[in-house]
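Chemist: My questions will all concern the structure given below.
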Amino acid sequence: MSKVRFIVIAIAFILGAGCSKKIMTIEERLATLPADTIFSIEADSAFSGAWEIRLRQPVDHRNPDGPQFTQQVFLYYAGADRPVVVETEGYGARGGRNELATLLNANFIRIEHRYFEESRPDSAGWEYLTTWQAATDHHRIIELFKPVFTGKWATTGISKGGQTVMFHRYYYPDDVDVSVPYVAPLNFGPEDERMEPFLENVGTAECRDRVFRFQKLVLEKFDTLYPMFMDMAEKRDWTFTRVGGPEVAYEMTVLEYEFAFWQWGTIPCDSIPLEGSNEQVFRHFVGVGDPRYFADQGLAYFEPFFYQAMTEIGYYGYDFDKFDGLLRYAHNGDKPEFIFSAPVGPDYIYNYEFGKNVSDFIRNKAENFIFLYGQFDPWSASAADPGGNKKCLKIVREGGSHRTRIGNLPEEQKNAVLTKLEEWMDTPVAK
């Protein structure tokens with residue numbers, strides 16, 4: 001190769017690299033997005049514009065020229081020089097504000113998870129609903145908007161959305177500068193074994209006993225409360241075919257009561273109506289346990305979640321043994337308890353290595369993570385554990401539930417989070 005030709009190629013490469021990093025205006029980016037629809041939506045005074053976008057994505061990112069689907073994305077624009085917060089939803093998405101974006105006075109992008117609501121491929125098989133495919137959705141969206149913004153980037157999400165934050169950084173660790181997953185479990189199986197010992201020790205012994213006594217009471221009152229259960233189901237057009245019938249659904253709601261009671265943390269222990277009327281007992285039972293979780297109509301929305309739970313991201317099971325002699329319909333089978341909630345058809349083989357690999361990444365390689373958990377939330381039983389990784393901060397709110405947020409942390413913990421955000425995002429935070 002001649003010296004002149006080499007110089008020409010080198011100059012072309014430098015120019016090309018420079019062009020690839022060219023800053024685009026938000027108008028230029030929106031005009032060139034691979035999207036089916038982009039339309040303006042209402043935004044509050046923190047933003048100068050907002051859009052709902054149906055972005056075209058490959059069903060299979062390993063085959064980018066193959067079938068596509070449209071993924072719903074919300075974009076709120078605060079300024080090209082402001083930070084960017086990306087919320088990786090674990091389910092469907094709606095417009096609205098975000099705590100982290102508000103604290104950072106940031107641009108905000110909310111992404112609906114593939115296979116949920118408006119972001120479901122028309123005819124694709126379930127095999128494309130993987131953590132890697134979803135993380136690559138997020139990677140591609142971030143790459144599309146990187147030319148618009150000069151500030152630092154953060155990802156965040158709540159519960160399953162927080163899981164997607166961890167998984168995205170596991171696959172694409174350099175996409176963003178900071179990640180803040182809220183109350184996000186990192187499960188090691190479809191029935192994570194850490195859940196049962198957690199529930200045996202959560203809260204006070206007196207409160208745990210009161211929860212257990214209430215569950216027993218509802219099982220003992222089956223003949224009285226079950227007709228009320230069926231009347232409610234008929235009024236709401238609920239059916240319970242997939243779980244195995246309404247009797248099974250009733251007892252499964254009893255089993256779910258314990259997890260839900262601690263997860264949401266909204267009911268004082270002394271308000272559990274052990275001596276209440278049948279109506280009081282029933283209202284409390286269905287208000288906390290939520291039988292719709294076992295209704296066919298409720299399962300339709302959660303099918304994509306349970307596909308992932310039974311293949312990669314895990315879930316929990318129930319302790320049947322402590323109700324020996326009281327359960328007449330629900331039983332602990334050979335398969336994972338919530339296999340009935342997953343789509344019918346696929347062969348379910350759980351990837352037990354995935355969660356351990358993500359855990360290893362967090363303990364040894366992850367940088368600039370802030371993990372938030374509530375002490376009494378059962379999902380903290382399978383919380384991410386940074387171990388000795390000094391580049392991550394883990395906050396557990398004393399007495400906290402699945403509703404733990406930066407804004408409701410005690411002052412000392414809140415200040416620790418805000419200090420790290422300012423340091424890692426290189427921008428002041430709203431106090």
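Ordered as shown in the structure tokens, chains take letters A, B, and onward, while each chain numbers its residues from 1 and ligands are numbered from 1 in the order shown.
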Give me, as a Markdown table, each residue of region 292-353 of chain A that comes within 8 Å of region 170-191 of chain A, together with its shortest interatomic pair and the distance in Å at one decimal, counting only C-alpha atoms, with rows ordered by chain and rising residue number.
Modeler:
| residue | atom | partner | partner_atom | distance |
| --- | --- | --- | --- | --- |
| A:Ala309 | CA | A:Pro190 | CA | 6.1 |
| A:Met310 | CA | A:Pro190 | CA | 5.4 |
| A:Thr311 | CA | A:Pro190 | CA | 7.6 |
| A:Glu312 | CA | A:Gly189 | CA | 7.9 |
| A:Ile313 | CA | A:Asn187 | CA | 6.1 |
| A:Gly314 | CA | A:Pro190 | CA | 4.1 |
| A:Tyr315 | CA | A:Pro190 | CA | 4.8 |
| A:Tyr316 | CA | A:Glu191 | CA | 4.0 |
| A:Gly317 | CA | A:Glu191 | CA | 4.9 |
| A:Pro336 | CA | A:Pro190 | CA | 6.2 |
| A:Glu337 | CA | A:Glu191 | CA | 7.5 |
| A:Tyr350 | CA | A:Pro190 | CA | 7.3 |
| A:Tyr352 | CA | A:Gly189 | CA | 6.2 |
Chemist: Restricting the output to N, CA and C atoms, write the selected residues as an mmCIF file, in the first residue's frame.
Modeler:
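Just written: result03.cif:
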data_model
loop_
_atom_site.group_PDB
_atom_site.id
_atom_site.type_symbol
_atom_site.label_atom_id
_atom_site.label_comp_id
_atom_site.auth_asym_id
_atom_site.auth_seq_id
_atom_site.Cartn_x
_atom_site.Cartn_y
_atom_site.Cartn_z
ATOM 1 N N ALA A 309 -39.927 -15.987 34.324
ATOM 2 C CA ALA A 309 -39.701 -16.521 35.666
ATOM 3 C C ALA A 309 -39.383 -18.003 35.636
ATOM 4 N N MET A 310 -39.984 -18.715 34.700
ATOM 5 C CA MET A 310 -39.778 -20.162 34.625
ATOM 6 C C MET A 310 -38.591 -20.548 33.747
ATOM 7 N N THR A 311 -37.907 -19.561 33.157
ATOM 8 C CA THR A 311 -36.769 -19.882 32.296
ATOM 9 C C THR A 311 -35.465 -19.236 32.744
ATOM 10 N N GLU A 312 -35.522 -17.972 33.230
ATOM 11 C CA GLU A 312 -34.284 -17.267 33.550
ATOM 12 C C GLU A 312 -34.299 -16.460 34.841
ATOM 13 N N ILE A 313 -35.386 -15.738 35.125
ATOM 14 C CA ILE A 313 -35.311 -14.729 36.176
ATOM 15 C C ILE A 313 -35.875 -15.189 37.515
ATOM 16 N N GLY A 314 -36.546 -16.350 37.558
ATOM 17 C CA GLY A 314 -36.922 -16.960 38.821
ATOM 18 C C GLY A 314 -38.128 -16.352 39.513
ATOM 19 N N TYR A 315 -38.517 -17.033 40.596
ATOM 20 C CA TYR A 315 -39.691 -16.621 41.360
ATOM 21 C C TYR A 315 -39.626 -17.279 42.728
ATOM 22 N N TYR A 316 -40.788 -17.480 43.342
ATOM 23 C CA TYR A 316 -40.835 -18.114 44.661
ATOM 24 C C TYR A 316 -41.932 -19.179 44.677
ATOM 25 N N GLY A 317 -41.918 -19.984 45.721
ATOM 26 C CA GLY A 317 -42.968 -20.975 45.937
ATOM 27 C C GLY A 317 -43.569 -20.778 47.315
ATOM 28 N N PRO A 336 -42.440 -26.464 39.333
ATOM 29 C CA PRO A 336 -42.507 -25.184 40.057
ATOM 30 C C PRO A 336 -43.943 -24.734 40.256
ATOM 31 N N GLU A 337 -44.218 -24.156 41.398
ATOM 32 C CA GLU A 337 -45.590 -23.851 41.789
ATOM 33 C C GLU A 337 -46.315 -22.993 40.763
ATOM 34 N N TYR A 350 -35.130 -24.445 33.132
ATOM 35 C CA TYR A 350 -34.628 -23.246 33.800
ATOM 36 C C TYR A 350 -33.106 -23.156 33.692
ATOM 37 N N TYR A 352 -30.178 -22.226 35.461
ATOM 38 C CA TYR A 352 -29.729 -21.946 36.818
ATOM 39 C C TYR A 352 -28.408 -21.175 36.852
#
Chemist: Extract, using only C-alpha atoms, all DNA, RNA and protein residues at most 12 Å from Lys414 (chain A), discarding same-chain residues fewer than 3 positions from it, and format them as a PyMOL selection string.
Modeler: chain A and resi 103+370+372+393-397+404-411+417-421+429-431
Chemist: Quick one: pull the distance between CA of Asp321 (chain A) and CA of Val254 (chain A), Å, one decimal.
Modeler: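 Those two atoms sit 13.7 Å apart.
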Chemist: Just give me the gap between CA of Pro386 (chain A) and CA of Ile362 (chain A) in Å, one decimal is fine.
Modeler: 5.5 Å
Chemist: Might you pull out every residue within 6 Å of Ala342 (chain A), with only C-alpha atoms counted and same-chain residues fewer than 4 positions away left off, and present them as a ChimeraX atom specification?
Modeler: /A:303,306-307
Chemist: What does the file look like for those residues with N, CA and C atoms, as a PDB file, in the first residue's frame?
Modeler:
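See out29.pdb below for the written result:
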ATOM      1  N   GLU A 303     -48.528 -13.430  31.650  1.00  0.00           N
ATOM      2  CA  GLU A 303     -47.901 -14.557  30.954  1.00  0.00           C
ATOM      3  C   GLU A 303     -46.446 -14.308  30.562  1.00  0.00           C
ATOM      4  N   PHE A 306     -44.217 -14.656  33.596  1.00  0.00           N
ATOM      5  CA  PHE A 306     -44.035 -16.007  34.110  1.00  0.00           C
ATOM      6  C   PHE A 306     -43.250 -16.886  33.135  1.00  0.00           C
ATOM      7  N   TYR A 307     -43.289 -16.572  31.848  1.00  0.00           N
ATOM      8  CA  TYR A 307     -42.379 -17.269  30.936  1.00  0.00           C
ATOM      9  C   TYR A 307     -40.941 -17.011  31.353  1.00  0.00           C
TER      10      TYR A 307
END
